[in-house]
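Enquirer: Take this structure first; my questions come after.
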Amino acid sequence: MKNFELTDDMLTMGGVFYPRGYAFVMFPTAEGAQQVASAMAKNPAVAEDLMLLSPEKVLKEIGQSDGESDVALPSVGTEGATAQKYVNLAREGHHALMAKVDSDEEAEALMQEARKHSYSYAQRYHLLAIEDLE
(Lines give C-alpha, C1' and ligand atoms only; values in the text may rest on other atoms or scores of the structure.)
Protein backbone atom coordinates (compact mmCIF):
# COMPACT_ATOMS: atom_id res chain seq x y z
CA MET A 1 0.00 0.00 0.00
CA LYS A 2 1.22 3.49 -0.71
CA ASN A 3 0.41 6.97 0.51
CA PHE A 4 -1.99 9.00 -1.58
CA GLU A 5 -0.38 11.79 -3.52
CA LEU A 6 -2.48 13.85 -5.91
CA THR A 7 -0.69 14.05 -9.25
CA ASP A 8 -1.49 15.94 -12.43
CA ASP A 9 -2.50 12.73 -14.20
CA MET A 10 -5.33 12.33 -11.66
CA LEU A 11 -6.91 15.62 -12.76
CA THR A 12 -8.84 16.77 -15.79
CA MET A 13 -7.57 19.74 -17.76
CA GLY A 14 -9.98 21.80 -15.65
CA GLY A 15 -8.40 20.56 -12.43
CA VAL A 16 -11.18 18.18 -11.32
CA PHE A 17 -10.28 14.83 -9.74
CA TYR A 18 -10.41 12.09 -12.40
CA PRO A 19 -7.95 9.22 -11.72
CA ARG A 20 -8.24 7.13 -14.90
CA GLY A 21 -7.80 3.41 -14.27
CA TYR A 22 -8.72 3.59 -10.58
CA ALA A 23 -11.73 2.78 -8.44
CA PHE A 24 -12.53 5.10 -5.55
CA VAL A 25 -14.64 3.61 -2.76
CA MET A 26 -15.84 5.45 0.34
CA PHE A 27 -16.72 3.88 3.69
CA PRO A 28 -18.47 5.30 6.77
CA THR A 29 -15.58 4.08 8.97
CA ALA A 30 -11.80 3.85 8.78
CA GLU A 31 -12.08 0.21 9.84
CA GLY A 32 -14.19 -0.67 6.79
CA ALA A 33 -11.73 0.93 4.40
CA GLN A 34 -8.77 -0.70 6.16
CA GLN A 35 -10.35 -4.16 6.15
CA VAL A 36 -11.05 -3.99 2.43
CA ALA A 37 -7.52 -2.70 1.79
CA SER A 38 -6.08 -5.59 3.83
CA ALA A 39 -8.12 -8.13 1.90
CA MET A 40 -7.14 -6.63 -1.46
CA ALA A 41 -3.46 -6.38 -0.46
CA LYS A 42 -3.25 -10.18 -0.47
CA ASN A 43 -3.04 -9.90 -4.26
CA PRO A 44 0.50 -8.58 -4.99
CA ALA A 45 -0.58 -7.12 -8.34
CA VAL A 46 -3.15 -4.93 -6.59
CA ALA A 47 -1.30 -4.23 -3.32
CA GLU A 48 1.21 -1.72 -4.62
CA ASP A 49 -1.49 0.59 -6.01
CA LEU A 50 -3.82 0.68 -2.99
CA MET A 51 -4.22 3.98 -1.16
CA LEU A 52 -6.22 4.87 1.96
CA LEU A 53 -7.46 8.42 2.39
CA SER A 54 -8.73 9.98 5.59
CA PRO A 55 -11.66 12.40 5.42
CA GLU A 56 -9.18 15.26 5.91
CA LYS A 57 -7.08 14.06 2.96
CA VAL A 58 -10.18 13.84 0.74
CA LEU A 59 -11.16 17.39 1.69
CA LYS A 60 -7.69 18.85 1.28
CA GLU A 61 -6.52 17.04 -1.84
CA ILE A 62 -9.65 16.13 -3.78
CA GLY A 63 -11.98 18.85 -2.57
CA GLN A 64 -9.23 21.44 -2.44
CA SER A 65 -10.92 22.56 0.73
CA ASP A 66 -9.92 22.87 4.35
CA GLY A 67 -13.09 21.13 5.49
CA GLU A 68 -14.46 24.29 7.06
CA SER A 69 -15.09 26.47 4.05
CA ASP A 70 -17.81 26.16 1.48
CA VAL A 71 -15.51 26.50 -1.51
CA ALA A 72 -17.38 25.36 -4.59
CA LEU A 73 -15.65 22.77 -6.73
CA PRO A 74 -15.48 23.28 -10.47
CA SER A 75 -18.65 21.85 -11.96
CA VAL A 76 -17.64 20.54 -15.36
CA GLY A 77 -20.09 17.65 -15.44
CA THR A 78 -20.16 14.21 -13.91
CA GLU A 79 -16.61 14.44 -12.59
CA GLY A 80 -17.38 17.67 -10.73
CA ALA A 81 -20.53 16.20 -9.19
CA THR A 82 -18.63 13.05 -8.23
CA ALA A 83 -15.85 15.03 -6.53
CA GLN A 84 -18.50 17.03 -4.67
CA LYS A 85 -20.07 13.75 -3.45
CA TYR A 86 -16.65 12.70 -2.07
CA VAL A 87 -16.33 16.02 -0.27
CA ASN A 88 -19.82 15.76 1.22
CA LEU A 89 -19.13 12.24 2.50
CA ALA A 90 -15.71 13.27 3.85
CA ARG A 91 -17.36 16.08 5.79
CA GLU A 92 -19.50 13.35 7.41
CA GLY A 93 -16.33 11.44 8.37
CA HIS A 94 -16.18 8.87 5.56
CA HIS A 95 -12.83 7.36 4.59
CA ALA A 96 -11.76 6.30 1.10
CA LEU A 97 -9.88 3.50 -0.58
CA MET A 98 -8.41 4.10 -4.01
CA ALA A 99 -7.35 1.05 -6.01
CA LYS A 100 -5.90 0.55 -9.49
CA VAL A 101 -8.29 -1.70 -11.42
CA ASP A 102 -7.18 -2.91 -14.82
CA SER A 103 -10.11 -5.19 -15.56
CA ASP A 104 -13.76 -5.85 -14.82
CA GLU A 105 -12.64 -8.85 -12.76
CA GLU A 106 -10.41 -6.71 -10.54
CA ALA A 107 -13.21 -4.18 -10.09
CA GLU A 108 -15.64 -6.95 -9.13
CA ALA A 109 -13.16 -8.47 -6.65
CA LEU A 110 -12.83 -5.05 -5.01
CA MET A 111 -16.58 -4.62 -4.82
CA GLN A 112 -17.11 -8.10 -3.38
CA GLU A 113 -14.93 -7.04 -0.45
CA ALA A 114 -16.48 -3.56 -0.25
CA ARG A 115 -20.00 -5.02 0.01
CA LYS A 116 -18.93 -6.93 3.14
CA HIS A 117 -18.10 -3.63 4.86
CA SER A 118 -21.02 -1.33 4.00
CA TYR A 119 -19.36 0.99 1.53
CA SER A 120 -21.14 4.31 1.02
CA TYR A 121 -20.14 5.24 -2.55
CA ALA A 122 -18.02 3.66 -5.27
CA GLN A 123 -16.87 4.83 -8.67
CA ARG A 124 -14.56 3.45 -11.35
CA TYR A 125 -12.78 5.85 -13.69
CA HIS A 126 -12.45 4.79 -17.32
CA LEU A 127 -10.76 6.78 -20.05
CA LEU A 128 -13.92 8.73 -20.92
CA ALA A 129 -16.52 7.62 -18.40
CA ILE A 130 -17.16 7.23 -14.69
CA GLU A 131 -18.90 3.98 -13.77
CA ASP A 132 -21.02 3.53 -10.67
CA LEU A 133 -19.88 0.40 -8.85
CA GLU A 134 -22.47 -1.55 -6.95
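Here, A, B, ... name the chains of the C-alpha coordinates in the order displayed, residue numbers run from 1 inside each chain, and ligands are numbered from 1 in the same displayed order.
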Would you give me, as JSON lines, each residue of segment 13-115 of chain A having an atom within 6 Å of an atom of segment 122-128 of chain A, along with its shortest atom pair and that distance in Å to one decimal, using only C-alpha atoms and sorting by chain and residue number?

Expert:
```
{"residue": "A:Arg20", "atom": "CA", "partner": "A:Tyr125", "partner_atom": "CA", "distance": 4.9}
{"residue": "A:Gly21", "atom": "CA", "partner": "A:Tyr125", "partner_atom": "CA", "distance": 5.6}
{"residue": "A:Tyr22", "atom": "CA", "partner": "A:Tyr125", "partner_atom": "CA", "distance": 5.6}
{"residue": "A:Ala23", "atom": "CA", "partner": "A:Arg124", "partner_atom": "CA", "distance": 4.1}
{"residue": "A:Phe24", "atom": "CA", "partner": "A:Gln123", "partner_atom": "CA", "distance": 5.4}
{"residue": "A:Val25", "atom": "CA", "partner": "A:Ala122", "partner_atom": "CA", "distance": 4.2}
```

Enquirer: Output N, CA, C and O atoms for every residue in the selection just made, as a short mmCIF file (atom, residue, chain, number, x, y, z; two decimals), in the first residue's frame.

Expert:
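again33.cif was written with the following content:
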```
data_model
loop_
_atom_site.label_atom_id
_atom_site.label_comp_id
_atom_site.auth_asym_id
_atom_site.auth_seq_id
_atom_site.Cartn_x
_atom_site.Cartn_y
_atom_site.Cartn_z
N ARG A 20 -7.99 8.19 -13.92
CA ARG A 20 -8.24 7.13 -14.90
C ARG A 20 -7.57 5.83 -14.48
O ARG A 20 -6.41 5.81 -14.08
N GLY A 21 -8.34 4.72 -14.59
CA GLY A 21 -7.80 3.41 -14.27
C GLY A 21 -7.94 3.01 -12.81
O GLY A 21 -7.49 1.94 -12.41
N TYR A 22 -8.56 3.86 -12.01
CA TYR A 22 -8.72 3.59 -10.58
C TYR A 22 -10.19 3.46 -10.20
O TYR A 22 -11.06 4.00 -10.87
N ALA A 23 -10.42 2.78 -9.10
CA ALA A 23 -11.73 2.78 -8.44
C ALA A 23 -11.53 3.56 -7.15
O ALA A 23 -10.47 3.52 -6.52
N PHE A 24 -12.56 4.29 -6.76
CA PHE A 24 -12.53 5.10 -5.55
C PHE A 24 -13.77 4.72 -4.74
O PHE A 24 -14.88 4.92 -5.20
N VAL A 25 -13.54 4.13 -3.57
CA VAL A 25 -14.64 3.61 -2.76
C VAL A 25 -14.61 4.27 -1.39
O VAL A 25 -13.57 4.31 -0.74
#
```

Enquirer: From the options A:Glu134, A:Tyr121, A:Ala114, A:Val101, which residue's atoms come nearest to Ala47 of chain A, counting only C-alpha atoms?

Expert: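 Using only C-alpha atoms, the shortest distance to Ala47 of chain A belongs to A:Val101.
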
Enquirer: Measure the distance from atom CA of Leu6 of chain A to atom CA of Val87 of chain A in Å and round it to one decimal.

Expert: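 About the pair atom CA of Leu6 of chain A and atom CA of Val87 of chain A: they are 15.1 Å apart.
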
Enquirer: As a ChimeraX atom specification, which residues of chain A does DSSP assign to helix (DSSP H, G or I)?

Expert: /A:8-10,30-40,44-47,55-62,78-91,104-115

Enquirer: Of the residues A:Glu131, A:Lys85, A:Gly63, A:Ser118, which is the one nearest to Asp104 of chain A, using only C-alpha atoms?

Expert: A:Glu131

Enquirer: Considering only C-alpha atoms, can you say which of A:Thr78, A:Thr7, A:Gln35, A:Ser103 comes closest to Pro19 of chain A?

Expert: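 Checking each candidate against Pro19 of chain A, we get A:Thr7 as the closest.
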
Enquirer: From the options A:Ala83, A:Met26, A:Met13, A:Ala39, which residue's atoms come nearest to Gln64 of chain A, counting only C-alpha atoms?

Expert: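 Looking at the shortest contact to Gln64 of chain A, the residue is A:Ala83.
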
Enquirer: Any idea what the distance is between atom CA of Ala96 of chain A and atom CA of Ala129 of chain A?

Expert: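 The value is 20.1 Å.
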
Enquirer: Applying 9 Å and only C-alpha atoms, which residues near Leu89 of chain A remain after dropping the ones on its own chain fewer than 4 positions away? List them as a PyMOL selection string.

Expert: chain A and resi 26-28+55+84-85+93-95+120-121

Enquirer: From the options A:Glu48, A:Met98, A:Met40, A:Glu31, which residue's atoms come nearest to Tyr18 of chain A, counting only C-alpha atoms?

Expert: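 Closest residue, counting only C-alpha atoms: A:Met98.
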
Enquirer: From the DSSP assignment of the backbone, select every residue of segment 42-129 of chain A that is strand (DSSP E or B), and format the answer as a list in words.

Expert: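 Written out, the strand (DSSP E or B) residues of segment 42-129 of chain A are Leu50, Met51, Leu52, Leu53, His95, Ala96, Leu97, Met98, Ala99, Lys100, Tyr121, Ala122, Gln123, Arg124 and Tyr125 of chain A.
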
Enquirer: Which residues come within 10 Å of Ile62 of chain A, counting only C-alpha atoms, excluding same-chain residues fewer than 3 positions away, as a list in words?

Expert: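 What passes the distance filter is Leu6, Met10, Leu11, Gly15, Val16, Phe17, Tyr18, Glu56, Lys57, Val58, Leu59, Ser65, Leu73, Ala83, Gln84, Tyr86 and Val87 of chain A.
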
Enquirer: Nearest to Gln34 of chain A: which of A:Val46, A:Leu52, A:Ala99, A:Ala81 is it, counting only C-alpha atoms?

Expert: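 For Gln34 of chain A, the nearest of the given residues is A:Leu52.
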
Enquirer: Could you jot down the atom CA of Ser38 of chain A to atom CA of Asp102 of chain A separation for me, Å, one decimal place?

Expert: 18.9 Å
